[in-house]
Each structure stands twice: as C-alpha cells, then as structure tokens.
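Q: File name coords39.cif; file contents mmCIF, C-alpha atoms and all ligand atoms; full text below.
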```
data_work
#
loop_
_atom_site.group_PDB
_atom_site.id
_atom_site.type_symbol
_atom_site.label_atom_id
_atom_site.label_comp_id
_atom_site.auth_asym_id
_atom_site.auth_seq_id
_atom_site.Cartn_x
_atom_site.Cartn_y
_atom_site.Cartn_z
ATOM 1 C CA MET V 1 -10.648 19.077 10.501
ATOM 2 C CA THR V 2 -11.367 16.024 12.606
ATOM 3 C CA HIS V 3 -10.602 12.453 11.673
ATOM 4 C CA ARG V 4 -12.387 9.466 13.064
ATOM 5 C CA HIS V 5 -9.437 7.249 12.346
ATOM 6 C CA GLN V 6 -6.298 7.246 14.388
ATOM 7 C CA GLU V 7 -2.820 5.926 14.119
ATOM 8 C CA GLY V 8 -2.155 2.922 16.281
ATOM 9 C CA GLY V 9 -1.792 -0.790 16.499
ATOM 10 C CA ARG V 10 -4.032 -3.725 17.026
ATOM 11 C CA GLU V 11 -5.462 -2.240 20.246
ATOM 12 C CA THR V 12 -7.378 0.315 18.184
ATOM 13 C CA LEU V 13 -9.255 -2.420 16.303
ATOM 14 C CA ASN V 14 -12.628 -3.743 17.413
ATOM 15 C CA PRO V 15 -11.907 -6.985 19.329
ATOM 16 C CA LEU V 16 -15.424 -8.335 18.809
ATOM 17 C CA LEU V 17 -15.137 -7.872 15.079
ATOM 18 C CA ILE V 18 -11.730 -9.586 15.070
ATOM 19 C CA LYS V 19 -13.290 -12.563 16.801
ATOM 20 C CA ARG V 20 -16.463 -12.616 14.754
ATOM 21 C CA GLN V 21 -14.537 -12.447 11.485
ATOM 22 C CA ASN V 22 -12.007 -15.064 12.648
ATOM 23 C CA ARG V 23 -9.044 -12.889 11.783
ATOM 24 C CA THR V 24 -5.528 -14.300 11.992
ATOM 25 C CA ASP V 25 -2.503 -12.396 13.278
ATOM 26 C CA GLU V 26 -1.480 -11.914 9.669
ATOM 27 C CA ASP V 27 -4.875 -10.399 8.811
ATOM 28 C CA ILE V 28 -4.572 -8.076 11.796
ATOM 29 C CA GLU V 29 -1.097 -6.984 10.740
ATOM 30 C CA ASN V 30 -2.444 -6.294 7.280
ATOM 31 C CA ILE V 31 -5.365 -4.272 8.686
ATOM 32 C CA VAL V 32 -3.058 -2.208 10.913
ATOM 33 C CA GLU V 33 -0.820 -1.529 7.918
ATOM 34 C CA LEU V 34 -3.804 -0.471 5.803
ATOM 35 C CA HIS V 35 -4.900 1.915 8.548
ATOM 36 C CA GLY V 36 -1.423 3.421 8.351
ATOM 37 C CA GLU V 37 -1.826 3.884 4.593
ATOM 38 C CA LEU V 38 -5.224 5.448 5.152
ATOM 39 C CA HIS V 39 -3.738 7.851 7.683
ATOM 40 C CA LYS V 40 -0.990 8.799 5.237
ATOM 41 C CA ALA V 41 -3.486 9.417 2.426
ATOM 42 C CA PHE V 42 -5.606 11.578 4.761
ATOM 43 C CA ASP V 43 -2.535 13.612 5.758
ATOM 44 C CA GLU V 44 -1.647 14.133 2.110
ATOM 45 C CA MET V 45 -5.202 15.217 1.347
ATOM 46 C CA GLU V 46 -5.191 17.576 4.304
ATOM 47 C CA ALA V 47 -2.169 19.378 2.850
ATOM 48 C CA GLU V 48 -3.444 19.271 -0.742
ATOM 49 C CA THR V 49 -5.374 22.097 -2.390
ATOM 50 C CA GLU V 50 -5.372 21.050 -6.040
ATOM 51 C CA THR V 51 -8.710 19.455 -7.017
ATOM 52 C CA GLU V 52 -7.336 16.845 -9.380
ATOM 53 C CA ARG V 53 -4.752 15.631 -6.867
ATOM 54 C CA LEU V 54 -7.419 15.519 -4.162
ATOM 55 C CA GLN V 55 -9.585 13.384 -6.422
ATOM 56 C CA ASN V 56 -6.664 11.057 -7.161
ATOM 57 C CA LEU V 57 -5.979 10.665 -3.446
ATOM 58 C CA ALA V 58 -9.684 9.950 -2.916
ATOM 59 C CA ILE V 59 -9.285 7.067 -5.384
ATOM 60 C CA VAL V 60 -6.353 5.812 -3.290
ATOM 61 C CA VAL V 61 -8.584 5.962 -0.182
ATOM 62 C CA LYS V 62 -11.286 4.002 -1.991
ATOM 63 C CA GLU V 63 -8.792 1.314 -2.981
ATOM 64 C CA ILE V 64 -7.539 1.076 0.629
ATOM 65 C CA GLU V 65 -11.150 0.745 1.735
ATOM 66 C CA PHE V 66 -11.627 -2.199 -0.640
ATOM 67 C CA ARG V 67 -8.446 -3.822 0.672
ATOM 68 C CA LEU V 68 -9.640 -3.286 4.251
ATOM 69 C CA GLN V 69 -12.874 -5.100 3.431
ATOM 70 C CA GLU V 70 -10.853 -8.024 2.080
ATOM 71 C CA ALA V 71 -8.536 -8.005 5.076
ATOM 72 C CA TRP V 72 -11.568 -8.131 7.381
ATOM 73 C CA GLY V 73 -13.041 -11.024 5.404
ATOM 74 C CA PHE V 74 -15.883 -9.008 3.886
ATOM 75 C CA ASP V 75 -16.913 -8.763 0.256
ATOM 76 C CA ARG V 76 -15.638 -5.819 -1.742
ATOM 77 C CA ASN V 77 -18.700 -3.623 -1.684
ATOM 78 C CA THR V 78 -18.895 0.169 -1.919
ATOM 79 C CA ASP V 79 -22.271 0.120 -0.122
ATOM 80 C CA TRP V 80 -20.320 -0.385 3.093
ATOM 81 C CA HIS V 81 -17.616 2.202 2.451
ATOM 82 C CA SER V 82 -17.433 4.923 5.078
ATOM 83 C CA TRP V 83 -14.078 6.645 4.557
ATOM 84 C CA TRP V 84 -14.848 8.426 1.293
ATOM 85 C CA PHE V 85 -17.099 11.032 2.973
ATOM 86 C CA GLN V 86 -14.647 11.590 5.827
ATOM 87 C CA VAL V 87 -11.657 12.624 3.694
ATOM 88 C CA PRO V 88 -10.211 16.121 4.183
ATOM 89 C CA HIS V 89 -11.865 18.847 2.054
ATOM 90 C CA CYS V 90 -14.970 16.725 1.415
ATOM 91 C CA THR V 91 -18.083 18.784 2.149
ATOM 92 C CA CYS V 92 -20.598 15.974 1.669
ATOM 93 C CA PRO V 93 -22.937 15.438 4.650
ATOM 94 C CA VAL V 94 -21.214 13.042 7.057
ATOM 95 C CA LEU V 95 -24.171 12.090 9.252
ATOM 96 C CA ASP V 96 -26.501 11.433 6.305
ATOM 97 C CA ASN V 97 -23.856 9.260 4.685
ATOM 98 C CA TRP V 98 -23.310 7.327 7.924
ATOM 99 C CA ASP V 99 -27.047 6.589 7.851
ATOM 100 C CA TYR V 100 -26.665 5.253 4.303
ATOM 101 C CA VAL V 101 -23.723 2.937 5.050
ATOM 102 C CA GLY V 102 -24.846 -0.574 4.111
ATOM 103 C CA THR V 103 -27.271 0.697 1.493
ATOM 104 C CA ARG V 104 -26.852 1.672 -2.131
ATOM 105 C CA LEU V 105 -27.607 5.269 -1.235
ATOM 106 C CA SER V 106 -25.170 8.103 -0.678
ATOM 107 C CA VAL V 107 -25.469 11.868 -0.759
ATOM 108 C CA THR V 108 -23.000 14.391 -2.141
ATOM 109 C CA THR V 109 -23.127 18.170 -2.121
ATOM 110 C CA GLY V 110 -22.779 20.237 -5.255
ATOM 111 C CA GLY V 111 -19.817 22.172 -3.940
ATOM 112 C CA CYS V 112 -17.666 19.260 -2.810
ATOM 113 C CA PRO V 113 -14.279 19.593 -4.574
ATOM 114 C CA ILE V 114 -13.790 15.840 -4.496
ATOM 115 C CA HIS V 115 -17.176 14.302 -5.203
ATOM 116 C CA SER V 116 -18.943 17.003 -7.127
ATOM 117 C CA PRO V 117 -16.533 19.563 -8.501
ATOM 118 C CA ASP V 118 -17.863 22.641 -10.240
ATOM 119 C CA PRO V 119 -17.914 22.164 -13.997
ATOM 120 C CA LYS V 120 -15.060 23.957 -15.718
HETATM 121 ZN ZN ZN G 201 -17.494 14.919 -0.841
#
```
Just give me the structure of the file as structure tokens.

A:
Amino acid sequence: MTHRHQEGGRETLNPLLIKRQNRTDEDIENIVELHGELHKAFDEMEAETETERLQNLAIVVKEIEFRLQEAWGFDRNTDWHSWWFQVPHCTCPVLDNWDYVGTRLSVTTGGCPIHSPDPK
C-alpha cells in the first residue's frame, strides 16, 4: 500500500501555496500537526480489518481534511477533498477521483469496504 502523504515538517509543504494563501507560522504549525493526525489515522486504517472501524476512521480522515482546508485558508468543501480515496483498504479508482477533484463528481467501486460496503 502506498501513501502519497509523508511524515515531516514544514519543508514538506508547498512553499508557493504557503505564500499564495498568506499562511502564518501558526497556520503552518497547525497544518503540520494535521498532517501528523492524518498519518496516524492512515496507520490505524492500515492495521484495521473491521469494516465499521474502517468507516469510522474514514470519517476522522474527512474531518481532518476539512480542518486542513480551514488551516490553508480555503472554504470547507468536499469537492476538493483528495484523501478519502487514498485511505488504506479503499478500492475506489484513485486516478479517476484525482481527475474529479474540484468538481462535484466522484467515483466509488461496489466492492470498496469503506465507501460502498456489501449490503448485509
Ligand atoms: Zn473507497
């Protein structure tokens, strides 16, 4: 399983975006901390096999994603979320969903244990 995110400090953040969004040191600290939380949630999901717990952790990821948008000075908007389809055990198409980032569209697969579990 590969992750696009990585643990690290400010140096892993996009300097152009920091400048464009006029982020303060406090914002940056907040963003770095949120990335740490994201990493932790991904690790927990990686080790998790129970569908309901995976779905709960996916909700945690979504909430972190909202907080990241706020920390970056963006509106809270799921159209721009890109972590939900990268979480461990998600089988939804990554490249298609990257194409849909910034739109209202998204695509899930029927077998995904997190986004489209089999009916019980
Ligand atoms: Zn999925």

Q: Leaving out Glu63 (chain V) and any residue of its chain fewer than 5 positions from it, which residues lie within 12 Å of it when counting all atoms listed in the file, given as a ChimeraX atom specification?

A: /V:34,37-38,41,56-58,68-70,76-78,81,83-84

Q: When the cut-off is 10 Å and you count all atoms listed in the file, which residues lie near ligand ZN 201 (chain G), shown as an mmCIF file with C-alpha atoms, in the frame of the given file?

A:
```
data_model
loop_
_atom_site.group_PDB
_atom_site.id
_atom_site.type_symbol
_atom_site.label_atom_id
_atom_site.label_comp_id
_atom_site.auth_asym_id
_atom_site.auth_seq_id
_atom_site.Cartn_x
_atom_site.Cartn_y
_atom_site.Cartn_z
ATOM 1 C CA GLN V 55 -9.585 13.384 -6.422
ATOM 2 C CA ALA V 58 -9.684 9.950 -2.916
ATOM 3 C CA TRP V 84 -14.848 8.426 1.293
ATOM 4 C CA PHE V 85 -17.099 11.032 2.973
ATOM 5 C CA GLN V 86 -14.647 11.590 5.827
ATOM 6 C CA VAL V 87 -11.657 12.624 3.694
ATOM 7 C CA PRO V 88 -10.211 16.121 4.183
ATOM 8 C CA HIS V 89 -11.865 18.847 2.054
ATOM 9 C CA CYS V 90 -14.970 16.725 1.415
ATOM 10 C CA THR V 91 -18.083 18.784 2.149
ATOM 11 C CA CYS V 92 -20.598 15.974 1.669
ATOM 12 C CA PRO V 93 -22.937 15.438 4.650
ATOM 13 C CA VAL V 94 -21.214 13.042 7.057
ATOM 14 C CA VAL V 107 -25.469 11.868 -0.759
ATOM 15 C CA THR V 108 -23.000 14.391 -2.141
ATOM 16 C CA THR V 109 -23.127 18.170 -2.121
ATOM 17 C CA GLY V 110 -22.779 20.237 -5.255
ATOM 18 C CA GLY V 111 -19.817 22.172 -3.940
ATOM 19 C CA CYS V 112 -17.666 19.260 -2.810
ATOM 20 C CA PRO V 113 -14.279 19.593 -4.574
ATOM 21 C CA ILE V 114 -13.790 15.840 -4.496
ATOM 22 C CA HIS V 115 -17.176 14.302 -5.203
ATOM 23 C CA SER V 116 -18.943 17.003 -7.127
ATOM 24 C CA PRO V 117 -16.533 19.563 -8.501
#
```

Q: Go ahead and compute the interatomic distance for CA of Gly73 (chain V) and CA of Ile59 (chain V), in Å to one decimal.

A: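 We find that CA of Gly73 (chain V) and CA of Ile59 (chain V) lie 21.4 Å from each other.
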
Q: Could you please give me, as a list of chain:residue names, the residues of protein, DNA or RNA lying at most 12 Å from (-0.1, 7.2, 6.1) in the coordinate frame of the file, considering only C-alpha atoms?

A: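 The answer, in the requested form, is V:His5, V:Gln6, V:Glu7, V:Gly8, V:Val32, V:Glu33, V:Leu34, V:His35, V:Gly36, V:Glu37, V:Leu38, V:His39, V:Lys40, V:Ala41, V:Phe42, V:Asp43, V:Glu44, V:Met45, V:Glu46, V:Leu57, V:Val60, V:Val61, V:Ile64.
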
Q: In terms of the shortest atom-to-atom distance over all atoms listed in the file, which of V:Glu50, V:Leu17, V:Glu11, V:Trp80 is closest to Leu105 (chain V)?

A: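 Looking only at the distances to Leu105 (chain V), the closest residue turns out to be V:Trp80.
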
Q: Could you please determine the separation between CA of Lys62 (chain V) and CA of Thr49 (chain V) in Å, to one decimal place?

A: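 So the answer is 19.0 Å.
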
Q: Taking the file as shown, what set of residues would the PyMOL selection byres (((chain V and resi 28-30) around 9) and not hetatm) give back, as a PyMOL selection string?

A: chain V and resi 9-10+13+18+23-27+31-35+68+71-72
